[in-house]
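J.: Sending over a structure as C-alpha cells; questions will come in a sec.
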2 protein chains.
Amino acid sequence: MARRPLPPLNALRAFEAFGRHGRMTTAADELFVTHGAVSRQVRSLEDQVGVRLIEGPKNRLRLTEAGLKLAQSLTQAFDLVEQGLPKRPDKVEGLRVTVQPTFAMKWLIPRLPDFVDAHPDVPVSLHETNGPVDFAETDLAIRLGAAGTGIPAGAEATPFMQHYQGPVMAPGLLKGAPSIDAVAALPRLHTKTFAPAWAEWERRAGIALPRPPVDREFDHYFYMLEAAAAGLGVAMGPWAFVQRDLAVGRLVAPLGFVDGEAQITAITPRGGLSRPVRLFRDWLVAQGAQTPPPTGEGV
Amino acid sequence: MARRPLPPLNALRAFEAFGRHGRMTTAADELFVTHGAVSRQVRSLEDQVGVRLIEGPKNRLRLTEAGLKLAQSLTQAFDLVEQGLPKRPDKVEGLRVTVQPTFAMKWLIPRLPDFVDAHPDVPVSLHETNGPVDFAETDLAIRLGAAGTGIPAGAEATPFMQHYQGPVMAPGLLKGAPSIDAVAALPRLHTKTFAPAWAEWERRAGIALPRPPVDREFDHYFYMLEAAAAGLGVAMGPWAFVQRDLAVGRLVAPLGFVDGEAQITAITPRGGLSRPVRLFRDWLVAQGAQTPPPTGEGV
DNA sequence: GGGCCATTGTGCGAAAACCTCACAGATGGC
DNA sequence: GCCATCTGTGAGGTTTTCGCACAATGGCCC
C-alpha cells in the first residue's frame with residue numbers, strides 16, 4: 001500500500017551522476033565520494049529494479065537502453081527539484097561564470113583546479129545553464145556558437161578555442177572499413193541544444209549525407225554522447241567534449257574532425273573588466289591554446 | 001564545485017508526502033515510518049533551505065507559499081522518476097483497482113484495512129492514475145464524473161456514493177458573516193483534473209457568481225486543497241475529499257454542500273465478474289452508504 | 001605476449017544518517 | 001477544565017553508507 005515504492009533515492013542520485021558522466025570515477029568526484037561508493041549504489045539500484053542498467057567491460061562501461069531512459073528521467077527530475085527549491089539569499093561572492101553543462105563537465109571542471117592553484121584569492125562560482133546570457137547574474141559566460149551568434153549587445157567576445165567537430169560512435173559499431181557511406185547508414189543522434197551540428201559539419205566537410213535510417217534526439221549533449229558510447233548510433237561530437245572518451249577508447253571518430261564554423265568563446269560585458277574577470281579570461285585563452293587539436297583533420 | 005547541491009533526498013521525500021497529505025501522521029503512514037521521523041526530516045529540510053516551508057499551529061499545519069511550490073515540484077519530479085523506472089515483470093496477482101490519487105488518499109486508503117480484514121484472501125493492488133480506464137490493466141476503476149461520462153463502451157457503472165460539493169477554505173479567511181458575495185470575492189482555486197467543478201456548482205446551487213479577483217489552477221486535487229487550507233483562496237471541494245479536513249478544522253465550508261450532478265462510481269467490465277471484483281464492488285457500496293452525508297445542505 | 005595503465009569490484013571497520021519509543025507541548029472542542 | 005488530536009524532541013539503537021586498501025579486469029603498447 002506504499003504509494004511510492006521508489007528505490008533508495010541516494011542510489012538514484014548516484015546513478016544519475018553516472019549517467020551523465022558515463023564513468024564512475026568522475027561521477028564520484030562530482031558527489032564528493034569515492035568511486036567505490038558509486039559502484040555499490042549503482043549495483044544496489046540494479047538489484048532493486050531487477051534490470052541491468054549498465055553493461056560492458058569494467059573499464060568501458062555503457063548504459064543499457066533501460067539505463068539511458070532512467071538516467072534521462074532522473075536528470076529531468078532533479079532539475080525540476082532544483083527549480084522548485086526556494087532561492088537562498090544570494091551571498092555568493094566572487095567570479096560568477098556561466099557555462100553549458102556539458103562543457104563544464106567535459107572540459108572546464110577538470111581544468112579548474114589549475115586556475116584555483118594559480119589564483120587562490122579569486123573564488124569562482126560556476127553556474128550551469130543553456131539559457132541566454134544575463135550580465136546581471138554573471139560576470140563571464142562561455143558559449144559555443146557561430147561567431148557573432150548569441151552575443152548580446154554591449155558584450156565582448158573572446159574566442160579561446162577552435163570548435164572542431166566530427167562523427168563519433170562506439171568502437172565496433174562500424175563494421176568494415178570506415179567510409180562516409182558506412183557512417184551515413186547508421187542511426188544519427190541529435191541534441192536539442194545544438195541542433196544544426198550535422199548540417200554545419202556537412203557544409204564544412206563539403207558532403208551531403210543521405211537521410212539516416214533513424215534520427216534520435218536528446219535533451220542534453222552528454223546523453224547523446226552516452227547513447228553513442230552505448231552503440232545506439234553516430235553523434236556529431238565537438239572535439240573538446242569527446243577528447244577524453246576518444247583517448248580511453250569509449251568512442252571512435254573514424255572520419256576525423258573538421259574545423260567548425262564557430263569558436264568557443266568567452267563573453268564578457270564590454271568595458272572595464274575587473275581583475276578576476278581578466279584573469280579568468282586570460283586563463284581560458286591559455287588553456288585553450290594548451291588543449292591539443294584533433295589529430296586526424298578531415299574527412 | 002558540486003553540480004547538484006541538493007538537500008538530502010530523504011528529507012525531500014518526506015516533505016513531498018507531507019505536502020500531499022497536509023498532515024505528518026498520514027504522510028508517515030504512507031512512508032511506513034513514525035510521525036516523529038517525518039517531523040525531523042521536514043525540520044531538517046527547512047534548516048537546509050533556510051526558508052519556512054510549513055507554518056501554523058501544530059495541529060493545523062499548512063504549507064507556506066514556498067512550501068507549496070516546492071511540494072508541487074517534488075511531486076512532479078517523483079512522478080517522473082516513477083515513469084522512468086523500468087517496469088518489473090508484473091507478477092502482481094489479485095484485484096487490480098484503478099483510482100484517482102486524491103480519492104485514494106482521502107477516502108479509499110483509510111477504509112481499505114476494513115476490506116482486508118473482511119477478506120484477507122483477496123489481495124488488492126491499488127493503481128493511482130487520472131488517465132482513462134483500460135480494462136486490460138485493471139479489474140475495477142473508480143471515477144468521479146457526471147453520470148455516464150468517461151465510461152468506456154462495454155463497461156458497467158455502479159454508483160456507490162453521492163458526489164456532494166461545496167466551496168471550502170481556511171477557517172479565518174472569510175471575515176464577516178458567510179455570504180455568497182463574500183465567498184465570490186475570494187481568490188478562486190481550480191484543478192486541472194476536474195475543471196468544470198465551479199460551473200457545476202453554480203448550476204446546482206442556482207447561482208451565477210461574479211468573476212473572482214484571482215484564478216489559480218493546480219495540477220492535483222490535493223494541492224488545491226492544501227492551498228485552500230493555507231488560506232490562498234476558496235476551492236470547490238468534494239465532500240468525500242474534505243470530510244476529514246472539515247472535521248479537524250483545517251477547512252470550513254460556510255455555504256455547505258450541494259448535490260453534485262455526478263456520483264462516485266465503480267466501473268467494471270460488463271459481464272461475468274470474478275468473485276473478488278464482486279466482493280470489492282459490494283464493499284464499496286456498503287462503505288459509500290456508511291459515509292455520512294454533509295450536514296449543511298445547500299447554499 | 002608481458003607489463004603497464006586506467007578503471008571498477010569488494011571486505012572490513014568506522015561514521016553518519018535515520019528511526020523508534022516514549023513522553024511533553026499545543027491547540028481547539030465540548 | 002478536561003479530553004482528543006497532532007506535532008516536537010531527547011535518548012538510544014539500527015541501518016545505511018562510506019572510505020580505505022587491495023584485487024580484478026580489459027585494453028594497449030612495445
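By order of appearance in the C-alpha cells: chains A, B, ..., then residues from 1 within every chain, and ligands from 1 in the order shown.
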What are the nearest atom pairs, with distances in Å to one decimal, for all residues of chain C that come at most 8 Å from range 6-23 of chain D, using only C-alpha atoms (C1' of nucleotides), set out by chain and rising residue number as a Markdown table?
T.:
```
| residue | atom | partner | partner_atom | distance |
| --- | --- | --- | --- | --- |
| C:DA15 | C1' | D:DC18 | C1' | 7.8 |
| C:DA16 | C1' | D:DT17 | C1' | 7.7 |
| C:DA17 | C1' | D:DT16 | C1' | 7.3 |
| C:DC18 | C1' | D:DT15 | C1' | 7.6 |
| C:DC19 | C1' | D:DT14 | C1' | 7.8 |
| C:DG25 | C1' | D:DG8 | C1' | 7.5 |
```
J.: If you count only C-alpha atoms (C1' of nucleotides), which residues fall within 12 Å of Pro86 in chain B, apart from same-chain ones fewer than 3 positions away, as an MDAnalysis selection string?
T.: (chainID A and resid 6:7 45:46 48:53 64:71 73) or (chainID B and resid 81:83 89:90)
J.: Counting only C-alpha atoms (C1' of nucleotides), which residues from chain B have an atom at most 12 Å from any atom of chain D, and could you show them as JSON, numbers by chain?
T.: {"B": [22, 23, 24, 25, 26, 34, 35, 36, 37, 38, 39, 40, 42, 43, 55, 56, 57, 58, 59, 60, 61, 247, 248, 249]}
J.: Let's have chain B fitted on chain A; use all the C-alpha atoms paired in order for the least-squares step and return it as a tab-separated table (two decimals) with C-alpha atoms, in the first residue's frame.
T.:
```tsv
chain	number	residue	atom	x	y	z
B	1	MET	CA	-0.08	0.14	0.11
B	2	ALA	CA	2.98	2.34	-0.10
B	3	ARG	CA	2.19	5.02	-2.57
B	4	ARG	CA	5.70	5.39	-3.88
B	5	PRO	CA	7.67	2.20	-3.93
B	6	LEU	CA	10.72	4.08	-5.15
B	7	PRO	CA	14.23	2.67	-4.95
B	8	PRO	CA	16.55	4.31	-2.42
B	9	LEU	CA	16.97	7.88	-3.49
B	10	ASN	CA	20.67	8.05	-2.87
B	11	ALA	CA	21.15	5.21	-5.28
B	12	LEU	CA	19.16	7.15	-7.85
B	13	ARG	CA	21.35	10.18	-7.34
B	14	ALA	CA	24.50	8.15	-7.79
B	15	PHE	CA	23.17	6.55	-10.92
B	16	GLU	CA	22.10	9.88	-12.34
B	17	ALA	CA	25.60	11.23	-11.92
B	18	PHE	CA	26.99	8.09	-13.52
B	19	GLY	CA	24.55	8.52	-16.37
B	20	ARG	CA	25.84	11.97	-17.15
B	21	HIS	CA	29.51	11.13	-16.82
B	22	GLY	CA	29.47	7.61	-18.16
B	23	ARG	CA	32.22	6.80	-15.69
B	24	MET	CA	32.07	6.01	-12.02
B	25	THR	CA	35.24	7.83	-11.12
B	26	THR	CA	34.17	11.26	-12.31
B	27	ALA	CA	30.64	10.75	-11.03
B	28	ALA	CA	32.17	10.00	-7.64
B	29	ASP	CA	34.25	13.18	-7.82
B	30	GLU	CA	31.13	15.18	-8.45
B	31	LEU	CA	29.39	13.67	-5.45
B	32	PHE	CA	32.46	13.98	-3.22
B	33	VAL	CA	32.61	10.28	-2.52
B	34	THR	CA	34.86	7.44	-3.62
B	35	HIS	CA	34.25	5.46	-6.75
B	36	GLY	CA	33.52	2.44	-4.60
B	37	ALA	CA	30.53	4.16	-3.08
B	38	VAL	CA	29.09	4.89	-6.51
B	39	SER	CA	29.78	1.37	-7.65
B	40	ARG	CA	27.83	-0.07	-4.74
B	41	GLN	CA	24.94	2.31	-5.14
B	42	VAL	CA	24.56	1.58	-8.81
B	43	ARG	CA	24.77	-2.12	-8.19
B	44	SER	CA	22.17	-1.96	-5.46
B	45	LEU	CA	19.89	0.04	-7.74
B	46	GLU	CA	20.19	-2.62	-10.41
B	47	ASP	CA	19.25	-5.25	-7.86
B	48	GLN	CA	16.25	-3.23	-6.78
B	49	VAL	CA	14.80	-2.61	-10.20
B	50	GLY	CA	15.77	-6.03	-11.42
B	51	VAL	CA	17.09	-4.78	-14.73
B	52	ARG	CA	20.62	-4.21	-15.97
B	53	LEU	CA	21.27	-0.50	-16.23
B	54	ILE	CA	24.90	-0.64	-17.28
B	55	GLU	CA	26.85	-3.14	-19.28
B	56	GLY	CA	30.16	-3.72	-20.94
B	57	PRO	CA	33.71	-4.28	-19.77
B	58	LYS	CA	34.61	-2.60	-16.53
B	59	ASN	CA	36.82	0.00	-18.07
B	60	ARG	CA	34.36	0.94	-20.79
B	61	LEU	CA	30.98	0.84	-19.19
B	62	ARG	CA	27.97	2.00	-21.08
B	63	LEU	CA	24.33	2.54	-20.28
B	64	THR	CA	21.79	0.00	-21.40
B	65	GLU	CA	18.66	1.18	-23.14
B	66	ALA	CA	16.75	1.00	-19.85
B	67	GLY	CA	19.59	2.78	-18.09
B	68	LEU	CA	19.64	5.59	-20.60
B	69	LYS	CA	15.92	6.11	-20.20
B	70	LEU	CA	16.10	6.10	-16.43
B	71	ALA	CA	19.10	8.40	-16.33
B	72	GLN	CA	17.38	10.96	-18.51
B	73	SER	CA	14.26	10.87	-16.35
B	74	LEU	CA	16.38	11.33	-13.27
B	75	THR	CA	18.27	14.29	-14.67
B	76	GLN	CA	15.00	15.94	-15.55
B	77	ALA	CA	13.59	15.15	-12.12
B	78	PHE	CA	16.56	16.55	-10.25
B	79	ASP	CA	16.51	19.65	-12.39
B	80	LEU	CA	12.90	20.09	-11.41
B	81	VAL	CA	13.74	19.75	-7.75
B	82	GLU	CA	16.45	22.36	-8.09
B	83	GLN	CA	14.02	24.76	-9.68
B	84	GLY	CA	11.51	24.18	-6.93
B	85	LEU	CA	13.93	24.92	-4.12
B	86	PRO	CA	13.58	28.36	-2.67
B	87	LYS	CA	16.54	30.51	-3.59
B	88	ARG	CA	18.69	31.28	-0.64
B	89	PRO	CA	19.65	34.89	-0.23
B	90	ASP	CA	22.62	34.97	-2.56
B	91	LYS	CA	25.75	35.74	-0.73
B	92	VAL	CA	27.96	33.97	-3.22
B	93	GLU	CA	30.85	36.27	-3.78
B	94	GLY	CA	33.48	36.06	-6.42
B	95	LEU	CA	33.55	35.46	-10.11
B	96	ARG	CA	30.27	34.19	-11.48
B	97	VAL	CA	30.89	32.06	-14.55
B	98	THR	CA	28.00	30.77	-16.65
B	99	VAL	CA	28.63	27.74	-18.81
B	100	GLN	CA	26.81	24.96	-20.60
B	101	PRO	CA	26.57	21.76	-18.54
B	102	THR	CA	28.43	19.48	-20.93
B	103	PHE	CA	31.24	21.94	-21.47
B	104	ALA	CA	31.59	22.24	-17.71
B	105	MET	CA	31.66	18.50	-17.18
B	106	LYS	CA	33.90	17.55	-20.05
B	107	TRP	CA	36.35	20.42	-20.25
B	108	LEU	CA	36.13	23.16	-17.66
B	109	ILE	CA	35.77	21.33	-14.35
B	110	PRO	CA	38.72	19.01	-14.97
B	111	ARG	CA	40.90	22.07	-15.63
B	112	LEU	CA	39.52	24.32	-12.94
B	113	PRO	CA	41.87	23.19	-10.18
B	114	ASP	CA	44.66	24.69	-12.27
B	115	PHE	CA	43.04	28.10	-12.05
B	116	VAL	CA	42.34	27.75	-8.36
B	117	ASP	CA	45.96	26.84	-7.76
B	118	ALA	CA	47.19	29.82	-9.74
B	119	HIS	CA	44.78	32.31	-8.15
B	120	PRO	CA	43.62	31.02	-4.80
B	121	ASP	CA	42.39	34.51	-3.95
B	122	VAL	CA	39.80	34.53	-6.75
B	123	PRO	CA	36.73	32.49	-5.82
B	124	VAL	CA	34.88	31.11	-8.82
B	125	SER	CA	31.25	30.06	-8.74
B	126	LEU	CA	30.07	28.02	-11.68
B	127	HIS	CA	26.54	28.26	-12.89
B	128	GLU	CA	25.42	25.75	-15.49
B	129	THR	CA	22.68	26.63	-17.91
B	130	ASN	CA	21.78	26.52	-21.57
B	131	GLY	CA	19.82	29.72	-21.41
B	132	PRO	CA	20.70	33.14	-22.73
B	133	VAL	CA	23.38	35.24	-21.10
B	134	ASP	CA	22.27	37.71	-18.45
B	135	PHE	CA	25.05	39.96	-17.23
B	136	ALA	CA	23.07	40.92	-14.18
B	137	GLU	CA	23.62	37.34	-13.03
B	138	THR	CA	27.02	36.55	-14.40
B	139	ASP	CA	30.44	38.08	-14.93
B	140	LEU	CA	31.62	35.82	-17.73
B	141	ALA	CA	29.81	33.35	-19.94
B	142	ILE	CA	31.18	30.62	-22.16
B	143	ARG	CA	29.29	29.82	-25.31
B	144	LEU	CA	29.75	27.57	-28.26
B	145	GLY	CA	28.13	28.98	-31.33
B	146	ALA	CA	28.75	30.48	-34.73
B	147	ALA	CA	30.90	33.57	-34.42
B	148	GLY	CA	28.76	36.55	-33.55
B	149	THR	CA	25.78	34.39	-32.66
B	150	GLY	CA	24.04	34.70	-29.34
B	151	ILE	CA	26.25	37.49	-28.15
B	152	PRO	CA	24.11	40.15	-26.53
B	153	ALA	CA	24.53	43.79	-27.42
B	154	GLY	CA	27.14	45.53	-25.38
B	155	ALA	CA	29.13	42.37	-24.83
B	156	GLU	CA	32.58	41.45	-25.87
B	157	ALA	CA	33.52	38.06	-27.27
B	158	THR	CA	36.92	36.47	-26.78
B	159	PRO	CA	37.28	33.22	-28.71
B	160	PHE	CA	39.67	30.93	-26.90
B	161	MET	CA	39.38	27.58	-28.60
B	162	GLN	CA	38.61	26.31	-32.06
B	163	HIS	CA	35.43	24.29	-32.35
B	164	TYR	CA	36.32	21.12	-34.22
B	165	GLN	CA	33.67	18.51	-34.64
B	166	GLY	CA	33.26	15.11	-36.18
B	167	PRO	CA	31.07	12.01	-36.14
B	168	VAL	CA	31.75	9.80	-33.13
B	169	MET	CA	30.48	6.37	-32.21
B	170	ALA	CA	31.11	3.28	-30.16
B	171	PRO	CA	34.25	1.35	-31.18
B	172	GLY	CA	32.89	-1.70	-32.96
B	173	LEU	CA	29.74	-0.12	-34.33
B	174	LEU	CA	31.24	0.45	-37.75
B	175	LYS	CA	31.93	-2.98	-39.19
B	176	GLY	CA	34.11	-2.76	-42.28
B	177	ALA	CA	36.47	-0.02	-43.39
B	178	PRO	CA	35.47	3.47	-42.31
B	179	SER	CA	33.71	5.34	-45.06
B	180	ILE	CA	31.27	8.15	-45.35
B	181	ASP	CA	28.61	5.84	-46.69
B	182	ALA	CA	29.05	3.43	-43.82
B	183	VAL	CA	28.70	6.25	-41.30
B	184	ALA	CA	25.71	7.68	-43.11
B	185	ALA	CA	23.94	4.34	-42.85
B	186	LEU	CA	23.97	4.43	-39.03
B	187	PRO	CA	21.25	5.87	-36.82
B	188	ARG	CA	22.03	9.53	-36.32
B	189	LEU	CA	21.92	11.17	-32.90
B	190	HIS	CA	21.00	14.80	-32.33
B	191	THR	CA	20.82	17.20	-29.47
B	192	LYS	CA	18.31	19.92	-28.77
B	193	THR	CA	20.92	22.37	-27.56
B	194	PHE	CA	22.87	22.39	-30.80
B	195	ALA	CA	20.56	21.19	-33.50
B	196	PRO	CA	22.43	22.43	-36.63
B	197	ALA	CA	25.57	20.45	-35.83
B	198	TRP	CA	25.18	17.89	-38.60
B	199	ALA	CA	24.28	20.46	-41.24
B	200	GLU	CA	27.27	22.53	-40.29
B	201	TRP	CA	29.54	19.54	-40.50
B	202	GLU	CA	28.23	18.66	-43.95
B	203	ARG	CA	28.93	22.20	-45.11
B	204	ARG	CA	32.44	22.25	-43.72
B	205	ALA	CA	33.26	18.78	-44.95
B	206	GLY	CA	31.75	19.49	-48.35
B	207	ILE	CA	29.51	16.48	-48.17
B	208	ALA	CA	25.78	15.95	-48.47
B	209	LEU	CA	24.77	12.94	-46.43
B	210	PRO	CA	21.78	10.84	-47.38
B	211	ARG	CA	19.00	10.61	-44.85
B	212	PRO	CA	19.83	8.32	-41.98
B	213	PRO	CA	17.73	5.24	-41.25
B	214	VAL	CA	16.85	6.63	-37.82
B	215	ASP	CA	17.03	10.05	-36.16
B	216	ARG	CA	17.05	10.26	-32.40
B	217	GLU	CA	17.11	13.42	-30.35
B	218	PHE	CA	18.35	14.04	-26.82
B	219	ASP	CA	17.76	16.87	-24.41
B	220	HIS	CA	21.37	17.02	-23.34
B	221	TYR	CA	24.69	16.76	-25.03
B	222	PHE	CA	26.03	14.30	-22.50
B	223	TYR	CA	23.19	11.85	-23.02
B	224	MET	CA	23.67	12.00	-26.76
B	225	LEU	CA	27.31	11.10	-26.19
B	226	GLU	CA	26.41	8.30	-23.78
B	227	ALA	CA	23.97	6.97	-26.33
B	228	ALA	CA	26.76	7.00	-28.89
B	229	ALA	CA	29.04	5.17	-26.47
B	230	ALA	CA	26.28	2.62	-25.93
B	231	GLY	CA	26.29	1.88	-29.65
B	232	LEU	CA	22.96	3.46	-30.45
B	233	GLY	CA	24.23	5.47	-33.37
B	234	VAL	CA	26.58	8.17	-34.51
B	235	ALA	CA	26.71	11.60	-32.90
B	236	MET	CA	28.30	14.84	-34.00
B	237	GLY	CA	30.85	15.36	-31.29
B	238	PRO	CA	32.71	18.57	-30.51
B	239	TRP	CA	36.36	17.82	-30.02
B	240	ALA	CA	36.51	19.46	-26.61
B	241	PHE	CA	33.71	17.23	-25.34
B	242	VAL	CA	34.82	13.89	-26.67
B	243	GLN	CA	38.57	14.16	-26.38
B	244	ARG	CA	38.66	12.19	-23.17
B	245	ASP	CA	36.29	9.47	-24.38
B	246	LEU	CA	38.37	9.04	-27.51
B	247	ALA	CA	41.54	8.78	-25.45
B	248	VAL	CA	40.19	5.95	-23.32
B	249	GLY	CA	38.54	4.24	-26.27
B	250	ARG	CA	34.92	4.68	-25.30
B	251	LEU	CA	34.33	6.47	-28.59
B	252	VAL	CA	36.02	6.52	-31.98
B	253	ALA	CA	35.96	9.16	-34.70
B	254	PRO	CA	36.74	7.29	-37.90
B	255	LEU	CA	36.22	10.32	-40.13
B	256	GLY	CA	38.28	12.65	-38.01
B	257	PHE	CA	37.24	16.20	-37.24
B	258	VAL	CA	36.67	19.32	-39.28
B	259	ASP	CA	37.05	22.93	-38.34
B	260	GLY	CA	33.68	24.14	-37.12
B	261	GLU	CA	32.23	27.44	-38.17
B	262	ALA	CA	32.17	28.52	-34.58
B	263	GLN	CA	34.70	29.04	-31.93
B	264	ILE	CA	34.31	28.51	-28.23
B	265	THR	CA	34.03	31.96	-26.83
B	266	ALA	CA	34.22	33.80	-23.54
B	267	ILE	CA	31.63	36.53	-23.36
B	268	THR	CA	32.06	39.48	-21.06
B	269	PRO	CA	30.28	42.79	-20.67
B	270	ARG	CA	32.01	45.44	-22.73
B	271	GLY	CA	34.07	47.92	-20.84
B	272	GLY	CA	36.31	47.93	-17.82
B	273	LEU	CA	36.64	44.36	-16.63
B	274	SER	CA	37.49	43.58	-13.06
B	275	ARG	CA	40.75	41.84	-12.31
B	276	PRO	CA	39.13	38.45	-11.61
B	277	VAL	CA	37.31	38.52	-14.94
B	278	ARG	CA	40.49	39.40	-16.81
B	279	LEU	CA	42.43	36.70	-15.03
B	280	PHE	CA	39.86	34.09	-15.83
B	281	ARG	CA	39.51	35.13	-19.46
B	282	ASP	CA	43.26	35.08	-19.94
B	283	TRP	CA	43.43	31.70	-18.26
B	284	LEU	CA	40.78	30.36	-20.65
B	285	VAL	CA	42.82	31.55	-23.60
B	286	ALA	CA	45.91	29.86	-22.24
B	287	GLN	CA	44.05	26.63	-21.53
B	288	GLY	CA	42.50	26.71	-24.96
B	289	ALA	CA	45.93	26.99	-26.52
B	290	GLN	CA	47.10	24.04	-24.46
B	291	THR	CA	44.22	21.80	-25.51
B	292	PRO	CA	45.65	19.71	-28.33
B	293	PRO	CA	43.87	19.90	-31.65
B	294	PRO	CA	42.47	16.68	-33.10
B	295	THR	CA	45.03	14.51	-34.86
B	296	GLY	CA	43.14	13.40	-37.93
B	297	GLU	CA	42.00	16.50	-39.73
B	298	GLY	CA	39.14	15.92	-41.98
B	299	VAL	CA	37.07	13.51	-43.85
```
J.: Set the cut-off to 10 Å and count only C-alpha atoms (C1' of nucleotides): what are the residues of chain C that reach chain A? Output as a PyMOL selection string.
T.: chain C and resi 6-10
J.: If you run DSSP on this backbone, which residues of range 61-297 of chain A come out as alpha helix (DSSP H), and could you give them as an NGL selection string?
T.: :A and (65-84 or 101-103 or 109-118 or 180-184 or 197-205 or 221-229 or 239-247 or 275-290)
J.: Pull the strand (DSSP E) assignments for range 205-236 of chain B out of DSSP run on the backbone, and list those residues as number ranges by chain.
T.: B: 215-218, 234-236
